[in-house]
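Engineer: Dumping the structure here so I can ask a few things about it.
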Amino acid sequence: DKTKIDHTGKSIFTKILLCKSLDEIVTAIDGYTTKLIASFGDFIGTGSKVEVFDSDTNVVSTYTVVVENDVNGDSVCDVLDCAQIARVTKGYETLDGAYKLAADSDDNGVIDVNDYQAIVNAALQ
């Protein structure tokens, strides 16, 4: 499956890169409708925000999109993500929230050389 929803952390995890339409990722959450409210230009990348509406069009929640290996939020995994994760593994930079989740490829809570290698491998595909 290309998309998972974490209701506790209010995150939408996806493997879909260069996505321009929220419908490609999620059309509804628990029967509620969704609307993209913040993205990276035309693309839905890590850090994009999605509002969830009830049937009366009231906002009931906001979710953050996490695109696997998209560390900088531009909706692709490329050399820029590799460079950023290299800076993190060397201690020059830190990542928080959705960006840390996107970088943590082995889901162990630590950004390290294993995550760097996974992102390099993904960028080369």
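We label chains A, B, ... in the order they appear in the structure tokens, count residues from 1 in each chain, and number ligands from 1 in the order shown.
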For A:Arg87, find every residue with an atom within 12 Å (counting only C-alpha atoms), except residues of its own chain fewer than 4 positions away, and show them as number ranges by chain.
Structural biologist: A: 71, 80-83, 91-95, 111-113, 116
Engineer: Give me, as a list in words, all polymer residues having an atom no more than 8 Å from A:Phe53, counting only C-alpha atoms and skipping those fewer than 3 positions away in the same chain.
Structural biologist: Tyr32, Thr33, Thr34, Lys35, Asp56, Thr57, Asn58, Val59, Val60 and Ser61 of chain A
Engineer: Hey, which of A:Cys19, A:Asp30, A:Ser55, A:Ala122 ends up closest to A:Val79? Count only C-alpha atoms.
Structural biologist: A:Ala122
Engineer: Pick from A:Val66, A:Ala102, A:Leu124, A:Val52: nearest to A:Gly31, with only C-alpha atoms counted?
Structural biologist: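 For A:Gly31, the nearest of the candidates is A:Val52.
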Engineer: Ranking A:Gln84, A:Asn108, A:Thr8, A:Gln117 by minimum distance to A:Asp70 and counting only C-alpha atoms, which one comes first?
Structural biologist: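 For A:Asp70, the nearest of the given residues is A:Gln84.
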Engineer: Any idea what the distance is between atom CA of A:Ser39 and atom CA of A:Ala103?
Structural biologist: 18.3 Å
Engineer: Give me every strand (DSSP E) residue in stretch 34-124 of chain A, going by DSSP on the backbone, as a list in words.
Structural biologist: Thr34, Lys35, Leu36, Ile37, Ala38, Lys49, Val50, Glu51, Val52, Phe53, Val59, Val60, Ser61, Thr62, Tyr63, Thr64, Val65, Val66 and Val67 of chain A
Engineer: Put those residues in a file: N, CA and C atoms, as a PDB file, in the first residue's frame.
Structural biologist:
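Contents of the output file again-v3.pdb:
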ATOM      1  N   THR A  34     -11.461  15.641   2.503  1.00  0.00           N
ATOM      2  CA  THR A  34     -10.143  16.250   2.724  1.00  0.00           C
ATOM      3  C   THR A  34      -9.887  17.357   1.709  1.00  0.00           C
ATOM      4  N   LYS A  35      -9.011  18.275   2.097  1.00  0.00           N
ATOM      5  CA  LYS A  35      -8.623  19.373   1.211  1.00  0.00           C
ATOM      6  C   LYS A  35      -7.175  19.735   1.491  1.00  0.00           C
ATOM      7  N   LEU A  36      -6.377  19.855   0.447  1.00  0.00           N
ATOM      8  CA  LEU A  36      -4.989  20.288   0.572  1.00  0.00           C
ATOM      9  C   LEU A  36      -4.969  21.780   0.862  1.00  0.00           C
ATOM     10  N   ILE A  37      -4.249  22.184   1.917  1.00  0.00           N
ATOM     11  CA  ILE A  37      -4.210  23.612   2.253  1.00  0.00           C
ATOM     12  C   ILE A  37      -2.815  24.210   2.162  1.00  0.00           C
ATOM     13  N   ALA A  38      -1.783  23.367   2.105  1.00  0.00           N
ATOM     14  CA  ALA A  38      -0.420  23.884   1.976  1.00  0.00           C
ATOM     15  C   ALA A  38       0.421  22.831   1.276  1.00  0.00           C
ATOM     16  N   LYS A  49       0.086  20.250   4.193  1.00  0.00           N
ATOM     17  CA  LYS A  49      -0.995  20.139   5.179  1.00  0.00           C
ATOM     18  C   LYS A  49      -2.313  19.787   4.494  1.00  0.00           C
ATOM     19  N   VAL A  50      -3.071  18.937   5.164  1.00  0.00           N
ATOM     20  CA  VAL A  50      -4.374  18.503   4.672  1.00  0.00           C
ATOM     21  C   VAL A  50      -5.401  18.737   5.776  1.00  0.00           C
ATOM     22  N   GLU A  51      -6.464  19.470   5.439  1.00  0.00           N
ATOM     23  CA  GLU A  51      -7.566  19.652   6.390  1.00  0.00           C
ATOM     24  C   GLU A  51      -8.619  18.581   6.154  1.00  0.00           C
ATOM     25  N   VAL A  52      -9.223  18.140   7.248  1.00  0.00           N
ATOM     26  CA  VAL A  52     -10.278  17.132   7.204  1.00  0.00           C
ATOM     27  C   VAL A  52     -11.569  17.805   7.645  1.00  0.00           C
ATOM     28  N   PHE A  53     -12.631  17.647   6.821  1.00  0.00           N
ATOM     29  CA  PHE A  53     -13.916  18.312   7.052  1.00  0.00           C
ATOM     30  C   PHE A  53     -15.015  17.302   7.327  1.00  0.00           C
ATOM     31  N   VAL A  59     -13.943  22.119   9.887  1.00  0.00           N
ATOM     32  CA  VAL A  59     -12.631  21.474   9.988  1.00  0.00           C
ATOM     33  C   VAL A  59     -12.594  20.682  11.289  1.00  0.00           C
ATOM     34  N   VAL A  60     -12.334  19.380  11.180  1.00  0.00           N
ATOM     35  CA  VAL A  60     -12.270  18.536  12.369  1.00  0.00           C
ATOM     36  C   VAL A  60     -10.829  18.181  12.739  1.00  0.00           C
ATOM     37  N   SER A  61      -9.910  18.325  11.777  1.00  0.00           N
ATOM     38  CA  SER A  61      -8.515  18.005  12.055  1.00  0.00           C
ATOM     39  C   SER A  61      -7.628  18.472  10.913  1.00  0.00           C
ATOM     40  N   THR A  62      -6.342  18.563  11.187  1.00  0.00           N
ATOM     41  CA  THR A  62      -5.345  18.860  10.156  1.00  0.00           C
ATOM     42  C   THR A  62      -4.255  17.800  10.244  1.00  0.00           C
ATOM     43  N   TYR A  63      -3.909  17.231   9.096  1.00  0.00           N
ATOM     44  CA  TYR A  63      -2.875  16.208   9.003  1.00  0.00           C
ATOM     45  C   TYR A  63      -1.683  16.756   8.237  1.00  0.00           C
ATOM     46  N   THR A  64      -0.502  16.217   8.528  1.00  0.00           N
ATOM     47  CA  THR A  64       0.717  16.589   7.820  1.00  0.00           C
ATOM     48  C   THR A  64       1.139  15.425   6.938  1.00  0.00           C
ATOM     49  N   VAL A  65       1.476  15.724   5.694  1.00  0.00           N
ATOM     50  CA  VAL A  65       1.925  14.698   4.752  1.00  0.00           C
ATOM     51  C   VAL A  65       3.404  14.409   4.985  1.00  0.00           C
ATOM     52  N   VAL A  66       3.752  13.128   4.957  1.00  0.00           N
ATOM     53  CA  VAL A  66       5.140  12.672   5.027  1.00  0.00           C
ATOM     54  C   VAL A  66       5.375  11.804   3.797  1.00  0.00           C
ATOM     55  N   VAL A  67       6.244  12.260   2.893  1.00  0.00           N
ATOM     56  CA  VAL A  67       6.583  11.494   1.704  1.00  0.00           C
ATOM     57  C   VAL A  67       7.898  10.781   1.987  1.00  0.00           C
TER      58      VAL A  67
END
Engineer: Using DSSP assignments from the backbone, pull out every residue in chain A that falls under helix (DSSP H, G or I) and give it to me as a PyMOL selection string.
Structural biologist: chain A and resi 22-25+79-89+97-103+113-124
